[in-house]
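Colleague: Data file protein18.tsv (TSV, C-alpha atoms and all ligand atoms) is appended below.
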chain	number	residue	atom	x	y	z
A	1	MET	CA	71.87	26.71	261.18
A	2	THR	CA	74.08	24.16	259.44
A	3	SER	CA	75.59	21.66	261.85
A	4	ALA	CA	79.34	21.08	261.90
A	5	THR	CA	78.79	17.49	260.79
A	6	SER	CA	76.96	18.29	257.55
A	7	LEU	CA	79.85	20.58	256.63
A	8	PHE	CA	82.05	17.48	256.56
A	9	ALA	CA	79.93	15.78	253.86
A	10	PRO	CA	82.79	15.16	251.37
A	11	VAL	CA	84.78	13.31	254.07
A	12	GLU	CA	81.95	11.90	256.23
A	13	ALA	CA	82.74	8.30	255.21
A	14	ASP	CA	86.48	8.91	255.78
A	15	LEU	CA	85.75	10.21	259.28
A	16	ARG	CA	83.75	7.09	260.17
A	17	THR	CA	86.66	4.87	259.11
A	18	LEU	CA	88.98	7.11	261.12
A	19	ALA	CA	87.01	6.68	264.38
A	20	ASP	CA	87.07	2.86	264.07
A	21	SER	CA	90.71	2.84	263.12
A	22	LEU	CA	91.68	5.05	266.08
A	23	LYS	CA	89.83	2.82	268.54
A	24	GLN	CA	91.74	-0.17	267.15
A	25	LEU	CA	95.15	1.51	267.03
A	26	VAL	CA	94.96	2.86	270.56
A	27	GLY	CA	92.84	0.21	272.21
A	28	ASN	CA	94.57	-3.03	271.34
A	29	ARG	CA	97.39	-2.73	273.90
A	30	HIS	CA	95.58	-2.70	277.22
A	31	PRO	CA	92.02	-2.83	278.67
A	32	ILE	CA	92.41	0.64	280.23
A	33	LEU	CA	93.56	2.09	276.94
A	34	TYR	CA	90.70	0.28	275.26
A	35	ALA	CA	88.24	1.90	277.66
A	36	ALA	CA	89.96	5.25	277.19
A	37	ALA	CA	89.88	4.86	273.41
A	38	GLU	CA	86.16	4.05	273.42
A	39	HIS	CA	85.65	7.10	275.55
A	40	LEU	CA	88.00	9.39	273.61
A	41	PHE	CA	87.23	8.46	270.05
A	42	GLY	CA	83.55	7.63	270.45
A	43	ALA	CA	80.74	10.13	269.90
A	44	GLY	CA	81.13	13.67	271.18
A	45	GLY	CA	84.37	14.87	269.61
A	46	LYS	CA	83.96	17.50	266.89
A	47	ARG	CA	86.66	15.88	264.68
A	48	ILE	CA	87.52	19.26	263.19
A	49	ARG	CA	91.26	18.61	262.90
A	50	PRO	CA	91.05	15.30	261.02
A	51	ALA	CA	88.21	16.76	258.90
A	52	ILE	CA	90.50	19.61	257.80
A	53	VAL	CA	93.34	17.18	257.00
A	54	LEU	CA	90.98	14.97	254.96
A	55	LEU	CA	89.35	17.90	253.14
A	56	ILE	CA	92.75	19.36	252.22
A	57	SER	CA	93.87	15.90	251.14
A	58	ARG	CA	90.84	15.56	248.85
A	59	ALA	CA	91.11	19.17	247.61
A	60	THR	CA	94.77	18.66	246.64
A	61	MET	CA	94.45	15.16	245.14
A	62	LEU	CA	91.67	16.29	242.74
A	63	GLU	CA	90.73	13.43	240.44
A	64	GLN	CA	92.78	10.86	242.35
A	65	ASP	CA	91.71	9.15	245.59
A	66	ILE	CA	93.44	10.06	248.84
A	67	THR	CA	96.15	7.63	249.99
A	68	PRO	CA	96.59	5.57	253.19
A	69	ARG	CA	99.25	8.16	254.18
A	70	HIS	CA	96.67	10.96	254.09
A	71	ARG	CA	94.36	8.87	256.27
A	72	ARG	CA	97.15	8.04	258.71
A	73	LEU	CA	98.03	11.75	258.96
A	74	ALA	CA	94.40	12.52	259.89
A	75	GLU	CA	94.55	9.82	262.60
A	76	ILE	CA	97.85	11.16	263.94
A	77	THR	CA	96.38	14.66	264.13
A	78	GLU	CA	93.42	13.46	266.19
A	79	MET	CA	95.70	11.36	268.43
A	80	ILE	CA	97.92	14.36	269.18
A	81	HIS	CA	94.89	16.53	269.89
A	82	THR	CA	93.34	13.91	272.16
A	83	ALA	CA	96.62	13.36	274.04
A	84	SER	CA	96.84	17.10	274.70
A	85	LEU	CA	93.26	17.14	276.04
A	86	VAL	CA	93.89	14.17	278.35
A	87	HIS	CA	96.89	16.04	279.81
A	88	ASP	CA	95.02	19.34	279.82
A	89	ASP	CA	92.21	17.87	281.93
A	90	VAL	CA	94.80	16.78	284.49
A	91	VAL	CA	96.44	20.24	284.53
A	92	ASP	CA	93.06	21.99	284.74
A	93	GLU	CA	91.58	19.38	287.12
A	94	SER	CA	88.55	19.18	284.81
A	95	GLU	CA	85.90	16.62	285.65
A	96	MET	CA	83.81	16.95	282.47
A	97	ARG	CA	84.51	17.28	278.76
A	98	ARG	CA	82.04	16.95	275.88
A	99	GLY	CA	79.37	16.30	278.50
A	100	VAL	CA	81.06	13.16	279.83
A	101	PRO	CA	83.54	12.53	282.67
A	102	THR	CA	87.22	13.01	281.70
A	103	VAL	CA	89.82	10.21	281.69
A	104	HIS	CA	91.34	11.95	284.70
A	105	SER	CA	88.10	11.78	286.68
A	106	LEU	CA	87.33	8.19	285.58
A	107	PHE	CA	90.76	6.63	286.07
A	108	GLY	CA	92.68	9.14	288.25
A	109	SER	CA	95.41	11.53	287.26
A	110	ARG	CA	98.25	8.97	287.27
A	111	ILE	CA	96.55	6.86	284.61
A	112	ALA	CA	95.49	9.99	282.71
A	113	VAL	CA	99.08	11.29	282.53
A	114	LEU	CA	100.31	7.89	281.36
A	115	ALA	CA	97.47	7.48	278.84
A	116	GLY	CA	98.30	10.94	277.43
A	117	ASP	CA	102.00	9.99	277.25
A	118	PHE	CA	101.06	6.77	275.48
A	119	LEU	CA	98.99	8.67	272.89
A	120	PHE	CA	101.81	11.16	272.25
A	121	ALA	CA	104.33	8.34	271.93
A	122	GLN	CA	102.09	6.33	269.66
A	123	SER	CA	101.38	9.34	267.45
A	124	SER	CA	105.17	9.86	267.10
A	125	TRP	CA	105.65	6.24	266.12
A	126	TYR	CA	102.97	6.37	263.40
A	127	LEU	CA	104.38	9.73	262.31
A	128	ALA	CA	107.87	8.29	261.86
A	129	ASN	CA	106.34	5.41	259.89
A	130	LEU	CA	104.96	7.83	257.30
A	131	ASP	CA	108.58	7.92	256.07
A	132	ASN	CA	108.33	11.60	255.17
A	133	LEU	CA	110.95	13.65	257.02
A	134	ALA	CA	109.36	17.04	256.23
A	135	VAL	CA	106.05	15.84	257.70
A	136	VAL	CA	107.81	14.41	260.78
A	137	LYS	CA	109.42	17.82	261.37
A	138	LEU	CA	106.11	19.68	261.06
A	139	LEU	CA	104.16	17.46	263.45
A	140	SER	CA	106.92	17.03	266.03
A	141	GLU	CA	107.17	20.81	266.24
A	142	VAL	CA	103.43	20.80	267.05
A	143	ILE	CA	104.03	18.65	270.14
A	144	MET	CA	106.69	21.13	271.33
A	145	ASP	CA	104.32	24.01	270.61
A	146	LEU	CA	101.48	22.45	272.62
A	147	ALA	CA	103.70	22.18	275.68
A	148	THR	CA	105.10	25.72	275.09
A	149	GLY	CA	101.58	27.19	274.86
A	150	GLU	CA	100.44	25.42	277.99
A	151	ILE	CA	103.52	26.59	279.93
A	152	GLN	CA	103.06	30.19	278.71
A	153	GLN	CA	99.42	30.12	279.77
A	154	GLY	CA	100.38	28.79	283.20
A	155	LEU	CA	103.07	31.43	283.68
A	156	ASN	CA	100.77	34.28	282.56
A	157	SER	CA	97.80	33.43	284.73
A	158	PHE	CA	96.27	36.49	286.44
A	159	ASP	CA	98.90	38.68	284.73
A	160	ALA	CA	96.84	41.77	283.84
A	161	THR	CA	99.73	43.23	281.81
A	162	ILE	CA	99.75	40.66	278.98
A	163	SER	CA	99.15	42.02	275.48
A	164	ILE	CA	96.78	40.80	272.80
A	165	GLU	CA	99.90	39.85	270.78
A	166	ALA	CA	101.11	37.61	273.61
A	167	TYR	CA	97.61	36.09	273.80
A	168	LEU	CA	97.65	35.38	270.04
A	169	GLN	CA	101.15	33.88	270.26
A	170	LYS	CA	100.03	31.56	273.07
A	171	SER	CA	96.89	30.66	271.12
A	172	TYR	CA	99.03	29.81	268.11
A	173	TYR	CA	101.08	27.38	270.21
A	174	LYS	CA	98.09	25.91	272.00
A	175	THR	CA	95.64	25.56	269.11
A	176	ALA	CA	96.65	26.91	265.70
A	177	SER	CA	100.02	25.17	265.36
A	178	LEU	CA	98.39	21.71	265.11
A	179	ILE	CA	95.88	22.86	262.49
A	180	ALA	CA	98.46	24.86	260.47
A	181	ASN	CA	101.16	22.22	260.42
A	182	SER	CA	98.80	19.33	259.71
A	183	ALA	CA	97.15	21.32	256.89
A	184	LYS	CA	100.59	21.89	255.36
A	185	ALA	CA	101.56	18.25	255.94
A	186	ALA	CA	98.44	17.07	254.06
A	187	GLY	CA	99.56	19.26	251.14
A	188	LEU	CA	103.09	17.83	251.27
A	189	ILE	CA	101.74	14.28	251.13
A	190	SER	CA	99.82	15.31	247.98
A	191	GLU	CA	103.11	16.77	246.65
A	192	VAL	CA	101.79	20.32	246.20
A	193	SER	CA	104.22	23.17	245.40
A	194	GLU	CA	106.11	24.95	248.20
A	195	GLU	CA	103.94	28.03	247.59
A	196	THR	CA	100.68	26.09	247.96
A	197	ALA	CA	102.05	24.40	251.10
A	198	GLU	CA	102.68	27.84	252.66
A	199	HIS	CA	99.12	28.98	251.85
A	200	LEU	CA	97.76	25.83	253.48
A	201	TYR	CA	99.86	26.54	256.57
A	202	ALA	CA	98.56	30.14	256.68
A	203	PHE	CA	94.97	28.92	256.25
A	204	GLY	CA	95.42	26.63	259.26
A	205	ARG	CA	97.09	29.33	261.31
A	206	TYR	CA	94.29	31.88	260.83
A	207	PHE	CA	91.54	29.26	261.08
A	208	GLY	CA	93.07	27.95	264.32
A	209	LEU	CA	93.40	31.41	265.86
A	210	ALA	CA	89.79	32.27	264.93
A	211	TYR	CA	88.67	28.94	266.42
A	212	GLN	CA	90.45	29.67	269.72
A	213	ILE	CA	89.16	33.26	269.92
A	214	VAL	CA	85.59	31.96	269.46
A	215	ASP	CA	86.25	29.26	272.09
A	216	ASP	CA	87.33	32.00	274.47
A	217	ILE	CA	84.18	34.05	273.71
A	218	LEU	CA	81.96	30.99	274.27
A	219	ASP	CA	83.44	30.61	277.75
A	220	PHE	CA	81.62	33.89	278.55
A	221	THR	CA	78.49	33.60	276.44
A	222	SER	CA	77.50	29.93	276.57
A	223	SER	CA	76.05	27.84	279.38
A	224	SER	CA	77.86	24.93	280.99
A	225	ASP	CA	75.17	22.59	279.60
A	226	THR	CA	75.81	23.66	276.02
A	227	LEU	CA	79.58	23.59	276.41
A	228	GLY	CA	79.66	20.18	278.08
A	229	LYS	CA	82.15	21.68	280.59
A	230	PRO	CA	81.87	24.47	283.18
A	231	ALA	CA	81.42	28.01	281.81
A	232	PHE	CA	83.54	31.02	282.95
A	233	SER	CA	86.37	28.65	283.77
A	234	ASP	CA	89.02	30.68	281.90
A	235	LEU	CA	88.55	33.85	283.92
A	236	LYS	CA	88.19	31.91	287.20
A	237	SER	CA	91.53	30.21	286.63
A	238	GLY	CA	93.24	33.44	285.56
A	239	ASN	CA	93.46	32.56	281.87
A	240	LEU	CA	93.03	36.05	280.38
A	241	THR	CA	91.56	35.76	276.89
A	242	ALA	CA	90.59	38.22	274.13
A	243	PRO	CA	87.26	39.44	275.67
A	244	VAL	CA	89.01	40.24	278.97
A	245	LEU	CA	92.08	41.82	277.38
A	246	PHE	CA	89.87	44.18	275.34
A	247	ALA	CA	87.59	44.89	278.32
A	248	MET	CA	90.63	45.86	280.46
A	249	GLU	CA	91.45	48.65	277.97
A	250	GLU	CA	88.09	50.26	278.83
A	251	LYS	CA	87.62	49.28	282.46
A	252	SER	CA	90.86	49.74	284.32
A	253	TYR	CA	89.38	48.53	287.63
A	254	LEU	CA	89.26	45.05	286.06
A	255	LYS	CA	93.06	45.00	286.32
A	256	VAL	CA	92.85	45.55	290.07
A	257	LEU	CA	90.34	42.71	290.50
A	258	ILE	CA	92.40	40.35	288.34
A	259	SER	CA	95.74	41.25	289.95
A	260	ARG	CA	94.38	40.34	293.37
A	261	GLU	CA	93.07	37.07	291.88
A	262	PHE	CA	89.44	37.80	292.90
A	263	ARG	CA	90.36	37.22	296.54
A	264	GLN	CA	87.80	39.62	298.01
A	265	GLU	CA	84.10	38.82	298.32
A	266	GLY	CA	82.19	39.77	295.14
A	267	ASP	CA	85.35	40.38	293.04
A	268	PHE	CA	84.56	37.75	290.44
A	269	GLN	CA	80.95	38.91	289.97
A	270	GLN	CA	82.12	42.50	289.64
A	271	ALA	CA	84.70	41.50	287.04
A	272	MET	CA	82.02	39.64	285.06
A	273	SER	CA	79.75	42.73	285.12
A	274	LEU	CA	82.58	44.99	283.95
A	275	ILE	CA	83.28	42.63	281.05
A	276	GLN	CA	79.59	42.39	280.07
A	277	ASP	CA	79.36	46.17	280.24
A	278	SER	CA	82.33	46.65	277.87
A	279	GLN	CA	82.97	46.14	274.15
A	280	GLY	CA	85.27	43.22	275.01
A	281	ILE	CA	83.14	40.39	273.59
A	282	GLN	CA	82.19	42.47	270.53
A	283	ARG	CA	85.83	43.33	269.79
A	284	ALA	CA	86.91	39.70	270.25
A	285	ARG	CA	84.21	38.72	267.74
A	286	GLU	CA	85.60	41.24	265.23
A	287	LEU	CA	89.09	39.84	265.75
A	288	ALA	CA	87.81	36.33	265.04
A	289	THR	CA	85.90	37.53	261.95
A	290	ASN	CA	89.05	39.14	260.53
A	291	HIS	CA	91.02	35.95	261.11
A	292	VAL	CA	88.37	33.89	259.28
A	293	LYS	CA	88.53	36.27	256.29
A	294	VAL	CA	92.30	35.86	256.04
A	295	ALA	CA	91.98	32.08	256.40
A	296	VAL	CA	89.45	31.90	253.55
A	297	ASP	CA	91.64	34.12	251.32
A	298	HIS	CA	94.47	31.60	251.60
A	299	LEU	CA	92.17	28.86	250.26
A	300	SER	CA	92.01	30.55	246.86
A	301	VAL	CA	95.31	28.79	246.09
A	302	LEU	CA	93.27	25.57	245.73
A	303	PRO	CA	91.28	24.80	242.57
A	304	PRO	CA	87.49	24.90	243.10
A	305	SER	CA	86.08	21.61	244.45
A	306	GLU	CA	83.46	20.30	246.88
A	307	SER	CA	86.18	19.86	249.48
A	308	ARG	CA	87.50	23.41	249.07
A	309	GLN	CA	83.94	24.71	249.46
A	310	ALA	CA	83.52	22.63	252.63
A	311	LEU	CA	86.70	24.24	254.04
A	312	ILE	CA	85.28	27.72	253.28
A	313	ASP	CA	81.92	26.83	254.87
A	314	MET	CA	83.66	25.40	257.95
A	315	SER	CA	85.68	28.59	258.35
A	316	GLU	CA	82.48	30.64	258.33
A	317	TYR	CA	80.77	28.19	260.67
A	318	VAL	CA	83.51	28.83	263.26
A	319	LEU	CA	81.93	32.25	263.90
A	320	ASN	CA	78.44	30.80	264.41
A	321	ARG	CA	79.19	27.73	266.45
A	322	LEU	CA	77.54	27.45	269.85
A	323	TYR	CA	79.91	24.99	271.50
A	401	LIG	C1	92.91	22.98	275.85
A	401	LIG	O1	92.85	24.23	276.38
A	401	LIG	C2	94.35	22.55	275.79
A	401	LIG	C3	95.13	22.47	274.70
A	401	LIG	C4	94.59	22.77	273.36
A	401	LIG	C5	96.57	22.06	274.77
A	401	LIG	C6	96.96	21.30	276.01
A	401	LIG	C7	98.40	20.92	275.99
A	401	LIG	C8	99.05	20.37	277.05
A	401	LIG	C9	98.38	20.08	278.36
A	401	LIG	C10	100.50	20.07	276.94
A	401	LIG	C11	100.68	18.71	276.40
A	401	LIG	C12	101.83	17.99	276.96
A	401	LIG	C13	102.90	17.50	276.24
A	401	LIG	C14	103.81	16.52	276.88
A	401	LIG	C15	103.16	17.93	274.85
A	401	LIG	P1	91.80	24.73	277.47
A	401	LIG	O2	92.11	24.15	278.80
A	401	LIG	O3	91.81	26.21	277.38
A	401	LIG	O4	90.44	24.22	276.85
A	401	LIG	P2	89.30	23.29	277.41
A	401	LIG	O5	88.27	24.24	277.92
A	401	LIG	O6	88.82	22.52	276.20
A	401	LIG	O7	89.84	22.43	278.47
A	402	MG	MG	91.12	22.73	279.99
A	403	MG	MG	93.90	24.24	279.82
Written as structure tokens, that's how I'd like the structure from this file.
Modeller:
Amino acid sequence: MTSATSLFAPVEADLRTLADSLKQLVGNRHPILYAAAEHLFGAGGKRIRPAIVLLISRATMLEQDITPRHRRLAEITEMIHTASLVHDDVVDESEMRRGVPTVHSLFGSRIAVLAGDFLFAQSSWYLANLDNLAVVKLLSEVIMDLATGEIQQGLNSFDATISIEAYLQKSYYKTASLIANSAKAAGLISEVSEETAEHLYAFGRYFGLAYQIVDDILDFTSSSDTLGKPAFSDLKSGNLTAPVLFAMEEKSYLKVLISREFRQEGDFQQAMSLIQDSQGIQRARELATNHVKVAVDHLSVLPPSESRQALIDMSEYVLNRLY
């Protein structure tokens, strides 16, 4: 199987520059931030968001080289994503991410909250310095969306009545908004037409939703070793994702187990068996596949290029990824 990294070939050199630049930008204020930056922007991250920004930048600039503004946008995107993960690991009390201890477990939750705040603030500052009001509006909405998605997820935990539409809405806020808005922003920096910008947004939206649905499937089908974080953690914490929502339509007893928050002995194991015994995972996979198809359709607005092909290949890879 192709690895995610080889899919990034047209922007591999750009991504290397990006990692060094992020370590510098974030790390030069304070030793703790330096340590956090080494940890956060070193090996291990999949760099999917900046790769998409850079590929769209290259696919829309055609013959011309991408500009420092495109590169800065890619850095901002990764900073926002990383800030949200640092906060997320505090909220979820997660000890491990990408196979290494989280900032929260290394430095404590007070430092982790402040480091996340710093990253959000710094991303806003670099965003403002792009001097492009439309782009500022797109990316600042993303930060609101991230918080909205996280709050919705918290409020809906163990709520066995939530719909697949509500799940997709939350997933948009939590994951797809960043990809959609940064894809559109890359197009705006290249001065594409309004119509092309909307297709880029839609590409990011469907790609992001497919990515999250697959993430939610992997929580059931992958081992903790492969994931670099504990498996089955969504269901345990009451985060009801596509496989569970579909399974509940077939196995109504699942709702009972979930509503009582697996309080009785054996509840969680029984819920897992009911899910495995249903079409839940299969139907979630179909939902992700349909989202990838729509995402790829929106890319036909771009002229053929190596970078456009890499975006198509990445979209298809989303369905095959193992972690
Ligand atoms: C990962 O989800 C979490 C996110 C993609 C978003 C987290 C956003 C916040 C915590 C809000 C940010 C705060 C401000 C101030 C804007 P997950 O926990 O399902 O995935 P994981 O398994 O990778 O941890
Ligand atoms: Mg988490
Ligand atoms: Mg979370």
Colleague: Looking at A:Leu299, A:Ile164, A:Leu245, A:Val142, which one is nearest to ligand LIG 401 (chain A), with distances taken over only C-alpha atoms and all ligand atoms?
Modeller: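 Residue with the minimum atom-to-atom distance to ligand LIG 401 (chain A): A:Val142.
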Colleague: Output the neighbourhood of ligand MG 403 (chain A) as a ChimeraX atom specification, that is, all protein and nucleic acid residues with some atom at most 8 Å from the ligand, counting only C-alpha atoms and all ligand atoms.
Modeller: /A:88-89,91-92,150
Colleague: Can you tell me which residues surround segment 305-313 of chain A at a distance of at most 10 Å, considering all atoms listed in the file, apart from same-chain residues fewer than 2 positions away, and format the answer as a VMD selection string?
Modeller: chain A and resid 2 4 6 to 11 51 to 52 54 to 60 62 203 207 292 to 293 295 to 297 299 to 303 315 to 318
Colleague: Take atom CA of Tyr173 of chain A and atom CA of Val256 of chain A and report the distance between them in Å, one decimal.
Modeller: 28.1 Å
Colleague: Neighbours of Leu322 of chain A within 12 Å (only C-alpha atoms; same-chain residues fewer than 3 positions away dropped), as a list of chain:residue names?
Modeller: A:Met1, A:Thr2, A:Ser3, A:Ala4, A:Tyr211, A:Val214, A:Asp215, A:Asp216, A:Ile217, A:Leu218, A:Asp219, A:Phe220, A:Thr221, A:Ser222, A:Ser223, A:Ser224, A:Asp225, A:Thr226, A:Leu227, A:Gly228, A:Tyr317, A:Val318, A:Leu319
Colleague: Here is a test: counting all atoms listed in the file, which residue of A:His70, A:Lys236, A:His298, A:Arg285 is nearest to ligand LIG 401 (chain A)?
Modeller: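 Looking at the shortest contact to ligand LIG 401 (chain A), the residue is A:Lys236.
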Colleague: Find the residues near Ser21 of chain A: any atom within 12 Å, counting all atoms listed in the file, skip ones fewer than 3 places away on the same chain, and give them as an MDAnalysis selection string.
Modeller: chainID A and resid 14:18 24:28 37:38 41:42 68 71:72 74:76 78:79
Colleague: Give me the residues within 9 Å of Ala134 of chain A as a ChimeraX atom specification, counting all atoms listed in the file and dropping any in the same chain fewer than 5 places off.
Modeller: /A:139,185,188
Colleague: Dump the neighbourhood of ligand LIG 401 (chain A) as a list in words: all residues within 6 Å, distances computed on all atoms listed in the file.
Modeller: Ser84, Leu85, His87, Asp88, Ile143, Met144, Leu146, Ala147, Glu150, Lys174 and Thr175 of chain A
Colleague: Please report the interatomic distance between atom CA of Tyr253 of chain A and atom CA of Gly238 of chain A in Å with one decimal.
Modeller: 15.7 Å
Colleague: Can you report as AutoDock Vina command-line options the centre and edge lengths in Å, to one decimal, of an axis-aligned box around the listed atoms of segment 53-66 of chain A padded with 3 Å on each side?
Modeller:
--center_x 92.1 --center_y 14.3 --center_z 248.7 --size_x 11.4 --size_y 16.2 --size_z 22.6
Colleague: Work out how far atom MG of ligand MG 402 (chain A) is from atom CA of Glu165 of chain A, in Å to one decimal.
Modeller: 21.3 Å
